[in-house]
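S.K.: Let me begin by handing over the structure; questions about it come next.
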Amino acid sequence: MSELKWFYPESLDAVQKLLDNEGVVPHGGGTGLLLGNVRKYKGLIDLRFLPLANVRENGDSVEIGATVSYAKAARELEKILPGNIITKSLSAAASTPLRNRITIGGSLIMAPIWSDLIGPLVALEATVSLIGRNKGRYPVEEFLANPKFRAKSLLTGVEFPKESWETLHYRAVRTAFDYPMFTLTILAKRNAAAFDDIRIVFTGNSGKFKRLREIENDMRGKNTREIDIKEMVGKLKIKFPPKRQATSEYVGHLGRIQLERALETISKGEK
């Protein structure tokens with residue numbers, strides 16, 4: 001095995017040049033490093049000295065830098081948008097030591113099926129910014145669905161509109177420290193008793209995540225008392241892979257139960 005080289009760039013221009021080198025990959029929090037084939041790495045790009053560690057407001061949007069940890073993202077976003085969905089979801093993810101190490105960028109690049117970050121970002125219709133081969137800004141759904149975006153590129157940040165929502169985030173776990181079998185994220189806005197907007201996202205399903213647009217369309221603009229939640233959930237078509245804890249059929253059954261309960265909760269204006 002050849003010697004592993006470390007690089008310490010202080011500008012994004014320097015990173016772009018390094019990304020062209022075969023076997024040279026970005027290194028942030030390091031929690032996912034051993035999940036890959038370390039032997040194939042020839043160099044690691046240390047991201048600590050780049051301007052990617054801040055959470056900031058950009059007019060009508062909020063931007064989270066790629067090297068911001070889960071803990072910092074949850075803490076700083078709560079100052080900008082109290083009760084926001086990302087703070088709610090990331091505060092319950094992993095353990096305290098891991099929340100201090102896992103970065104937003106690394107979590108999106110790896111996008112594990114148990115992610116607590118993907119659901120909220122899909123619901124928020126966030127965009128991600130890249131430099132390198134795939135330089136540009138892309139909808140997070142497009143980025144997650146296409147592995148090509150990861151090749152010789154660096155995710156520099158994620159951005160979403162600065163808006164207030166009613167929020168609900170559910171993790172299907174046996175104990176708080178478990179990886180969730182699935183997560184359920186709901187964002188809602190209402191005018192009196194009707195939903196102006198609602199967004200519903202499952203993660204952990206086959207395909208990694210699914211936004212329930214059909215149910216959203218059925219609920220949007222309707223008085224909450226007119227919505228037959230049980231009937232809508234009964235028509236839902238979604239599959240989950242088998243988990244260590246349960247069969248795919250059981251996870252799907254549990255997912256429908258929790259979706260029905262969550263929609264009833266949000267329809268009553270409870271959080």
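Residues in the structure tokens are named by chain (A, B, ... in the order shown) and by number from 1 within that chain; ligands are numbered from 1 in the order shown.
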With the cut-off set at 10 Å and counting only C-alpha atoms, tabulate each residue of region 199-240 of chain A with an atom at most that distance from an atom of region 137-145 of chain A, showing the nearest atom pair and its distance in Å to one decimal, ordered by chain and increasing number, as a tab-separated table.
M.R.:
residue	atom	partner	partner_atom	distance
A:Gly207	CA	A:Ala145	CA	8.6
A:Lys208	CA	A:Ala145	CA	9.0
A:Phe209	CA	A:Glu141	CA	9.0
A:Lys210	CA	A:Glu141	CA	9.6
A:Arg211	CA	A:Glu141	CA	9.6
S.K.: Would you list the contacts of Ala123 (chain A) as a PyMOL selection string, taking every protein, DNA or RNA residue within 7 Å and counting only C-alpha atoms, but skipping same-chain residues closer than 3 positions in sequence?
M.R.: chain A and resi 119-120+187+199-201
S.K.: Restricting it to all heavy atoms, dump the selection as a PDB file, in the first residue's frame.
M.R.:
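And here's again30.pdb as it stands now:
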ATOM      1  N   GLY A 119     -34.529  13.691   4.548  1.00  0.00           N
ATOM      2  CA  GLY A 119     -35.949  14.017   4.560  1.00  0.00           C
ATOM      3  C   GLY A 119     -36.228  15.503   4.685  1.00  0.00           C
ATOM      4  O   GLY A 119     -36.964  16.077   3.856  1.00  0.00           O
ATOM      5  N   PRO A 120     -35.656  16.176   5.683  1.00  0.00           N
ATOM      6  CA  PRO A 120     -35.878  17.619   5.807  1.00  0.00           C
ATOM      7  C   PRO A 120     -35.407  18.420   4.593  1.00  0.00           C
ATOM      8  O   PRO A 120     -36.084  19.343   4.156  1.00  0.00           O
ATOM      9  CB  PRO A 120     -35.082  17.984   7.061  1.00  0.00           C
ATOM     10  CG  PRO A 120     -35.122  16.739   7.888  1.00  0.00           C
ATOM     11  CD  PRO A 120     -35.006  15.628   6.896  1.00  0.00           C
ATOM     12  N   LEU A 187     -43.825  19.034   6.528  1.00  0.00           N
ATOM     13  CA  LEU A 187     -43.863  20.484   6.660  1.00  0.00           C
ATOM     14  C   LEU A 187     -45.241  20.951   6.229  1.00  0.00           C
ATOM     15  O   LEU A 187     -45.796  20.436   5.265  1.00  0.00           O
ATOM     16  CB  LEU A 187     -42.813  21.149   5.769  1.00  0.00           C
ATOM     17  CG  LEU A 187     -41.353  20.737   5.933  1.00  0.00           C
ATOM     18  CD1 LEU A 187     -40.481  21.547   4.969  1.00  0.00           C
ATOM     19  CD2 LEU A 187     -40.883  20.927   7.354  1.00  0.00           C
ATOM     20  N   ARG A 199     -45.797  19.274   2.633  1.00  0.00           N
ATOM     21  CA  ARG A 199     -44.770  18.443   2.019  1.00  0.00           C
ATOM     22  C   ARG A 199     -44.493  17.255   2.932  1.00  0.00           C
ATOM     23  O   ARG A 199     -44.333  17.429   4.144  1.00  0.00           O
ATOM     24  CB  ARG A 199     -43.500  19.254   1.771  1.00  0.00           C
ATOM     25  CG  ARG A 199     -43.743  20.477   0.879  1.00  0.00           C
ATOM     26  CD  ARG A 199     -42.499  21.325   0.735  1.00  0.00           C
ATOM     27  NE  ARG A 199     -42.783  22.568   0.002  1.00  0.00           N
ATOM     28  CZ  ARG A 199     -41.885  23.537  -0.198  1.00  0.00           C
ATOM     29  NH1 ARG A 199     -40.643  23.391   0.265  1.00  0.00           N
ATOM     30  NH2 ARG A 199     -42.226  24.622  -0.871  1.00  0.00           N
ATOM     31  N   ILE A 200     -44.418  16.071   2.330  1.00  0.00           N
ATOM     32  CA  ILE A 200     -44.309  14.833   3.103  1.00  0.00           C
ATOM     33  C   ILE A 200     -43.222  13.971   2.482  1.00  0.00           C
ATOM     34  O   ILE A 200     -43.269  13.680   1.282  1.00  0.00           O
ATOM     35  CB  ILE A 200     -45.644  14.060   3.096  1.00  0.00           C
ATOM     36  CG1 ILE A 200     -46.806  14.982   3.477  1.00  0.00           C
ATOM     37  CG2 ILE A 200     -45.570  12.860   4.024  1.00  0.00           C
ATOM     38  CD1 ILE A 200     -48.168  14.412   3.105  1.00  0.00           C
ATOM     39  N   VAL A 201     -42.244  13.551   3.283  1.00  0.00           N
ATOM     40  CA  VAL A 201     -41.123  12.781   2.758  1.00  0.00           C
ATOM     41  C   VAL A 201     -40.809  11.597   3.669  1.00  0.00           C
ATOM     42  O   VAL A 201     -40.630  11.760   4.888  1.00  0.00           O
ATOM     43  CB  VAL A 201     -39.854  13.649   2.617  1.00  0.00           C
ATOM     44  CG1 VAL A 201     -38.704  12.827   2.020  1.00  0.00           C
ATOM     45  CG2 VAL A 201     -40.132  14.880   1.763  1.00  0.00           C
TER      46      VAL A 201
END
S.K.: Could you produce a table of the residues of region 201-249 of chain A lying within 8 Å of region 109-115 of chain A, with the nearest pair of atoms per residue and their separation in Å rounded to one decimal, using only C-alpha atoms, ordered by chain and increasing residue number, as CSV?
M.R.:
residue,atom,partner,partner_atom,distance
A:Thr203,CA,A:Ile113,CA,6.9
A:Gly204,CA,A:Ile113,CA,5.0
A:Asn205,CA,A:Ile113,CA,7.8
A:Lys208,CA,A:Ile113,CA,5.5
S.K.: Please produce a file of the residues just selected, as an mmCIF file, in the first residue's frame, where the atoms kept are N, CA and C atoms.
M.R.:
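Full text of out_8.cif as output:
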data_model
loop_
_atom_site.group_PDB
_atom_site.id
_atom_site.type_symbol
_atom_site.label_atom_id
_atom_site.label_comp_id
_atom_site.auth_asym_id
_atom_site.auth_seq_id
_atom_site.Cartn_x
_atom_site.Cartn_y
_atom_site.Cartn_z
ATOM 1 N N THR A 203 -37.942 8.531 4.270
ATOM 2 C CA THR A 203 -36.622 8.009 3.917
ATOM 3 C C THR A 203 -36.523 6.596 4.479
ATOM 4 N N GLY A 204 -35.544 5.843 3.974
ATOM 5 C CA GLY A 204 -35.376 4.462 4.414
ATOM 6 C C GLY A 204 -36.149 3.477 3.565
ATOM 7 N N ASN A 205 -36.920 3.980 2.604
ATOM 8 C CA ASN A 205 -37.692 3.126 1.711
ATOM 9 C C ASN A 205 -36.820 2.669 0.542
ATOM 10 N N LYS A 208 -34.353 4.904 -1.388
ATOM 11 C CA LYS A 208 -33.736 5.782 -0.372
ATOM 12 C C LYS A 208 -34.662 6.851 0.189
#
S.K.: Name the residues in contact with region 46-49 of chain A at a cut-off of 12 Å, using only C-alpha atoms, excluding same-chain residues fewer than 6 positions from it; report them as an NGL selection string.
M.R.: :A and (5-12 or 14-15 or 18 or 24-30 or 65-69 or 103 or 105-106 or 154-156)
S.K.: Deliver the residues from the most recent selection as a file, using C-alpha atoms, as a short mmCIF file (atom, residue, chain, number, x, y, z; two decimals), in the first residue's frame.
M.R.:
data_model
loop_
_atom_site.label_atom_id
_atom_site.label_comp_id
_atom_site.auth_asym_id
_atom_site.auth_seq_id
_atom_site.Cartn_x
_atom_site.Cartn_y
_atom_site.Cartn_z
CA LYS A 5 -0.77 11.95 1.22
CA TRP A 6 -2.58 14.77 3.01
CA PHE A 7 -3.38 18.10 1.40
CA TYR A 8 -4.33 21.27 3.29
CA PRO A 9 -5.81 23.77 0.79
CA GLU A 10 -6.86 27.22 1.96
CA SER A 11 -8.91 28.18 -1.11
CA LEU A 12 -11.59 26.54 -3.23
CA ALA A 14 -6.74 24.95 -4.83
CA VAL A 15 -9.30 22.23 -4.08
CA LEU A 18 -6.61 18.55 -6.30
CA VAL A 24 -7.59 12.03 -3.99
CA VAL A 25 -10.79 12.60 -2.02
CA PRO A 26 -12.17 15.23 0.40
CA HIS A 27 -11.97 14.60 4.16
CA GLY A 28 -14.34 16.39 6.55
CA GLY A 29 -15.52 14.85 9.80
CA GLY A 30 -13.98 11.47 8.94
CA GLY A 65 -21.49 25.14 4.69
CA ALA A 66 -20.36 21.62 3.91
CA THR A 67 -18.04 21.28 6.92
CA VAL A 68 -20.65 22.40 9.47
CA SER A 69 -21.30 19.59 11.95
CA THR A 103 -20.66 17.08 8.64
CA GLY A 105 -21.49 17.75 3.26
CA GLY A 106 -20.23 14.29 4.15
CA LEU A 154 -16.77 18.76 -3.79
CA LEU A 155 -20.08 19.71 -2.20
CA THR A 156 -19.53 23.17 -0.73
#
S.K.: Mind checking DSSP for region 28-243 of chain A and telling me the helix (DSSP H, G or I) residues as an MDAnalysis selection string?
M.R.: chainID A and resid 33:35 38:40 70:80 85:90 96:99 104:110 118:123 140:145 147:150 213:219 224:226 229:234
S.K.: If I take CA of Thr167 (chain A) and CA of Leu98 (chain A), how far is one from the other in Å, to one decimal?
M.R.: 24.2 Å
S.K.: Please list as a list in words every residue within 7 Å of region 241-256 of chain A, counting only C-alpha atoms and excluding residues in the same chain fewer than 3 positions away.
M.R.: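 Listed by chain and then number, they are Met181, Asn205, Ser206, Val233, Leu259 and Glu260 of chain A.
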S.K.: Would you please give, as a list of chain:residue names, all residues of region 36-95 of chain A that DSSP assigns to strand (DSSP E or B) based on the backbone?
M.R.: A:Gly43, A:Leu44, A:Ile45, A:Asp46, A:Val55, A:Arg56, A:Glu57, A:Asn58, A:Ser61, A:Val62, A:Glu63, A:Ile64, A:Gly65, A:Ser69
S.K.: Can you tell me, as a ChimeraX atom specification, what residues are no more than 8 Å from Leu168 (chain A) when counting only C-alpha atoms, ignoring any on the same chain fewer than 5 positions away?
M.R.: /A:85,184-187,262,266,271
S.K.: Could you pull the residues within 9 Å of region 217-228 of chain A, counting only C-alpha atoms, minus those fewer than 6 positions along the same chain, as a count of residues only?
M.R.: 11
S.K.: Mind checking which residues fall within 12 Å of Glu3 (chain A), counting only C-alpha atoms, ignoring those fewer than 4 positions away in the same chain, and posting them as an MDAnalysis selection string?
M.R.: chainID A and resid 38:44
S.K.: Those same residues - N, CA and C atoms - I'd like them written as a PDB file, in the first residue's frame.
M.R.:
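Below is the file that was written, selection25.pdb:
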ATOM      1  N   VAL A  38     -10.253   2.006   1.934  1.00  0.00           N
ATOM      2  CA  VAL A  38      -9.163   2.930   2.232  1.00  0.00           C
ATOM      3  C   VAL A  38      -7.955   2.682   1.335  1.00  0.00           C
ATOM      4  N   ARG A  39      -7.765   1.438   0.917  1.00  0.00           N
ATOM      5  CA  ARG A  39      -6.598   1.087   0.110  1.00  0.00           C
ATOM      6  C   ARG A  39      -6.574   1.803  -1.245  1.00  0.00           C
ATOM      7  N   LYS A  40      -7.730   2.193  -1.718  1.00  0.00           N
ATOM      8  CA  LYS A  40      -7.765   2.847  -3.039  1.00  0.00           C
ATOM      9  C   LYS A  40      -7.465   4.345  -2.950  1.00  0.00           C
ATOM     10  N   TYR A  41      -7.447   4.903  -1.729  1.00  0.00           N
ATOM     11  CA  TYR A  41      -7.172   6.324  -1.574  1.00  0.00           C
ATOM     12  C   TYR A  41      -5.675   6.594  -1.734  1.00  0.00           C
ATOM     13  N   LYS A  42      -5.351   7.629  -2.492  1.00  0.00           N
ATOM     14  CA  LYS A  42      -3.965   8.046  -2.635  1.00  0.00           C
ATOM     15  C   LYS A  42      -3.695   9.351  -1.883  1.00  0.00           C
ATOM     16  N   GLY A  43      -4.770  10.092  -1.640  1.00  0.00           N
ATOM     17  CA  GLY A  43      -4.613  11.349  -0.923  1.00  0.00           C
ATOM     18  C   GLY A  43      -5.921  11.811  -0.327  1.00  0.00           C
ATOM     19  N   LEU A  44      -5.831  12.580   0.748  1.00  0.00           N
ATOM     20  CA  LEU A  44      -7.007  13.124   1.415  1.00  0.00           C
ATOM     21  C   LEU A  44      -6.886  14.641   1.458  1.00  0.00           C
TER      22      LEU A  44
END
S.K.: Just checking: using only C-alpha atoms, which residue out of A:Ile118, A:Ala92, A:Val158, A:Ala73 ends up closest to Asn58 (chain A)?
M.R.: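 The closest residue to Asn58 (chain A) is A:Val158.
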S.K.: Can you measure CA of Glu125 (chain A) to CA of Ile64 (chain A) for me? One decimal in Å is fine.
M.R.: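 Taking CA of Glu125 (chain A) as the start and CA of Ile64 (chain A) as the end point, the length is 14.1 Å.
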